[in-house]
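The structure under discussion appears below in the form of structure tokens.
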Number of protein chains: 2
Amino acid sequence: MSTTVEMKKEKTTDEQNEKYTALLETGQKLFFKFGTKRVSVEEICQKADVSKMTFYKYFKDKNDLTKIILQKIFDEAMQQYHKIMKEKISFTEKIEKIIKLKLEKSNEYGDVFLEELLETNEELKAFVQKKSLEAYNLNIDFFKKGQKEGVIRKNMKPEFFMLLIEDITEMLHNEKLKTIIPDVHERFEELLNYFFYGIANERS
Amino acid sequence: MSTTVEMKKEKTTDEQNEKYTALLETGQKLFFKFGTKRVSVEEICQKADVSKMTFYKYFKDKNDLTKIILQKIFDEAMQQYHKIMKEKISFTEKIEKIIKLKLEKSNEYGDVFLEELLETNEELKAFVQKKSLEAYNLNIDFFKKGQKEGVIRKNMKPEFFMLLIEDITEMLHNEKLKTIIPDVHERFEELLNYFFYGIANERS
DNA sequence: GCCAATTATACGATTTATGTATAAATTTAC
DNA sequence: GTAAATTTATACATAAATCGTATAATTGGC
């Protein structure tokens, strides 16, 4: 029997290391702003106030750092997603929150990061696609649950639903709409209203 | 006598050339987004759908393009400035418009462009500083005119006035203020009101 | 076909980025 | 304080990107 319990104190993982997190954070900041291609390891080190040697101690190379950042992003998003799903609110409110989450994220990351990622590295490309698929399937499940609960009409295709969510997300940043409804929140409410009920007058 | 009038049709200057403007525009777009350092001549050419050779036909090098873009920016701003000054509106309205102009510009350009410019090339640095000084002096003149017209109090220093305008510009993007007054326009009105009249109650 | 403008390609030269080795400096624990 | 561990500074060989130009091929208008 293995009663020889190893009572080592919690291994000081990289995550708790000051230099490590500095590199991760400045790396993320720069990548979001400029994309990975345009940022060098040395620049990250300089701005993180960490020497290049320590960088290569914690990360195999720039690619490795990128992957870790990506993983972190996806993990956080997933966590927030599941948190919303567990909340005791109506399905409609969940959709609202999830779209809001999506919007937050897409603002936070800037487009540059994910865009450029797909046209550079094959490994990362695969990684992102895998994760995107996971998210996609999650949303499909969500959609089906909505149908089961009777909030979404049965004759609607999941793919169409997904497309609509994408569209709403983009519409919020549409320049023409911005001039029509300048305030972000109001714009969002209008779009959401349209998304749920279309243009028809209130149903009796 | 020189009645041999040369009736050449208006020389097709570079400005009217399709390729030239394509390079200028995509160059500007990329520079604003990433700064000059992070953008290569080849990238500009690719995205402008122009060959590298044609680039070097119109521009000596990347620096040359940058200078031309900068010149264009300053010229446009100056033009708009003088246009406002000529308008038959009150001095107060002029200040309002000029601050608005300043804000528009600083949004348009993104910070990256001008920032990185100052830490790379000496020639461009000098250029920007020269132009900035011109703009500064223009604003000082404007300020003095305001004092003469009795809109700005006499005991105020021009440097302080300039600093305040800078501050207002920055405040508009202040994150905390954004949560207090989310709407841009409303935020602007509040700041402008504060700028002109302080926090005091209406004067009788 | 001719002309002008543009492009594709290739190239050497230069600059920048990468990843590692080494020794010095700093921090941490004892 | 001192020893050990961590981090840094520096230098370096290598690889990759960028630059600016030369040349020949291509395009589009007349």
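Labeling convention for the structure tokens: chains A, B, ... as they appear, residues from 1 per chain, ligands from 1 in order of appearance.
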Excluding same-chain residues fewer than 2 positions from Met78 of chain B, what lies within 12 Å of it counting only C-alpha atoms (C1' of nucleotides), as a short mmCIF file (atom, residue, chain, number, x, y, z; two decimals) with N, CA, C and O atoms, in the first residue's frame?
```
data_model
loop_
_atom_site.label_atom_id
_atom_site.label_comp_id
_atom_site.auth_asym_id
_atom_site.auth_seq_id
_atom_site.Cartn_x
_atom_site.Cartn_y
_atom_site.Cartn_z
N GLN B 71 3.89 64.99 -43.32
CA GLN B 71 3.62 66.31 -43.92
C GLN B 71 2.14 66.43 -44.23
O GLN B 71 1.50 67.45 -43.93
N LYS B 72 1.60 65.38 -44.82
CA LYS B 72 0.19 65.36 -45.20
C LYS B 72 -0.69 65.57 -43.97
O LYS B 72 -1.63 66.37 -43.99
N ILE B 73 -0.37 64.83 -42.92
CA ILE B 73 -1.14 64.94 -41.69
C ILE B 73 -1.15 66.37 -41.16
O ILE B 73 -2.19 66.95 -40.87
N PHE B 74 0.05 66.93 -41.07
CA PHE B 74 0.15 68.27 -40.54
C PHE B 74 -0.57 69.28 -41.43
O PHE B 74 -1.25 70.17 -40.93
N ASP B 75 -0.39 69.13 -42.73
CA ASP B 75 -1.04 70.04 -43.66
C ASP B 75 -2.56 70.01 -43.48
O ASP B 75 -3.20 71.05 -43.40
N GLU B 76 -3.08 68.81 -43.42
CA GLU B 76 -4.53 68.67 -43.27
C GLU B 76 -5.01 69.30 -41.98
O GLU B 76 -6.01 70.01 -41.95
N GLN B 80 -7.54 72.50 -41.56
CA GLN B 80 -8.78 72.44 -40.79
C GLN B 80 -8.78 73.49 -39.69
O GLN B 80 -9.81 74.09 -39.39
N TYR B 81 -7.60 73.68 -39.12
CA TYR B 81 -7.46 74.68 -38.08
C TYR B 81 -7.83 76.07 -38.61
O TYR B 81 -8.66 76.77 -38.03
N HIS B 82 -7.22 76.44 -39.72
CA HIS B 82 -7.48 77.76 -40.28
C HIS B 82 -8.91 77.92 -40.74
O HIS B 82 -9.48 79.01 -40.67
N LYS B 83 -9.48 76.83 -41.18
CA LYS B 83 -10.88 76.86 -41.60
C LYS B 83 -11.76 77.23 -40.39
O LYS B 83 -12.64 78.09 -40.49
N ILE B 84 -11.46 76.62 -39.28
CA ILE B 84 -12.24 76.91 -38.07
C ILE B 84 -12.06 78.37 -37.66
O ILE B 84 -13.01 79.07 -37.32
N MET B 85 -10.80 78.82 -37.75
CA MET B 85 -10.52 80.19 -37.32
C MET B 85 -11.27 81.22 -38.15
O MET B 85 -11.60 82.30 -37.66
N ILE B 98 -11.87 73.25 -31.98
CA ILE B 98 -10.45 72.92 -32.07
C ILE B 98 -10.09 71.74 -31.17
O ILE B 98 -9.32 70.86 -31.56
N LEU B 101 -11.31 68.76 -32.91
CA LEU B 101 -10.39 68.42 -33.99
C LEU B 101 -9.20 67.64 -33.46
O LEU B 101 -8.83 66.57 -33.99
N LYS B 102 -8.65 68.16 -32.39
CA LYS B 102 -7.51 67.52 -31.76
C LYS B 102 -7.83 66.08 -31.37
O LYS B 102 -7.03 65.17 -31.56
N LYS B 105 -8.20 63.71 -34.40
CA LYS B 105 -6.88 63.37 -34.92
C LYS B 105 -6.20 62.32 -34.06
O LYS B 105 -5.69 61.33 -34.56
N LYS B 131 7.31 70.65 -36.43
CA LYS B 131 5.88 70.81 -36.71
C LYS B 131 5.07 71.01 -35.43
O LYS B 131 4.12 71.78 -35.39
N SER B 132 5.48 70.30 -34.40
CA SER B 132 4.79 70.42 -33.12
C SER B 132 4.92 71.84 -32.58
O SER B 132 3.97 72.41 -32.04
N GLU B 134 5.37 74.53 -34.34
CA GLU B 134 4.50 75.37 -35.15
C GLU B 134 3.08 75.35 -34.61
O GLU B 134 2.44 76.39 -34.44
N ALA B 135 2.61 74.11 -34.33
CA ALA B 135 1.25 73.95 -33.84
C ALA B 135 1.10 74.63 -32.48
O ALA B 135 0.09 75.29 -32.20
N TYR B 136 2.13 74.47 -31.67
CA TYR B 136 2.12 75.07 -30.34
C TYR B 136 1.99 76.58 -30.43
O TYR B 136 1.14 77.19 -29.78
N LEU B 138 0.87 78.32 -32.82
CA LEU B 138 -0.44 78.64 -33.35
C LEU B 138 -1.46 78.70 -32.22
O LEU B 138 -2.30 79.60 -32.15
N ASN B 139 -1.35 77.75 -31.33
CA ASN B 139 -2.29 77.69 -30.22
C ASN B 139 -2.08 78.83 -29.23
O ASN B 139 -3.02 79.34 -28.64
#
```
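In the superposition of chain A on chain B, with all Cα atoms paired by position, the RMSD stands at 0.8 Å.
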Find the residues of chain D that sit at most 12 Å from chain B; for each, write down the nearest two atoms and how far apart they are in Å, to one decimal. Count only C-alpha atoms (C1' of nucleotides). Sort by chain, then by number going up, and give it as a tab-separated table.
```
residue	atom	partner	partner_atom	distance
D:DA17	C1'	B:Ser40	CA	9.6
D:DT18	C1'	B:Ser40	CA	7.2
D:DC19	C1'	B:Val41	CA	8.6
D:DG20	C1'	B:Tyr56	CA	8.1
D:DT21	C1'	B:Met53	CA	8.9
D:DA22	C1'	B:Met53	CA	10.7
D:DT23	C1'	B:Met53	CA	11.9
```
Please list as a VMD selection string every residue within 12 Å of DT2 of chain D, counting only C-alpha atoms (C1' of nucleotides) and excluding residues in the same chain fewer than 2 positions away. (chain C and resid 28 to 30) or (chain D and resid 4)
Atoms to include: C-alpha atoms (C1' of nucleotides). Write the selected residues as a PDB file, in the first residue's frame.
```pdb
ATOM      1  C1'  DT C  28      18.001  34.128  -1.276  1.00  0.00           C
ATOM      2  C1'  DA C  29      18.416  31.037   2.382  1.00  0.00           C
ATOM      3  C1'  DC C  30      20.927  29.561   6.232  1.00  0.00           C
TER       4       DC C  30
ATOM      5  C1'  DA D   4      23.767  28.204  -3.439  1.00  0.00           C
TER       6       DA D   4
END
```
Should the cut-off be 10 Å, what would the residue list for chain C against chain A look like, counting only C-alpha atoms (C1' of nucleotides), as a ChimeraX atom specification? /C:16-20
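With distances taken over only C-alpha atoms, B:Val184 is the one residue among B:Ile152, B:Leu65, B:Val184, B:Leu124 lying closest to chain A.
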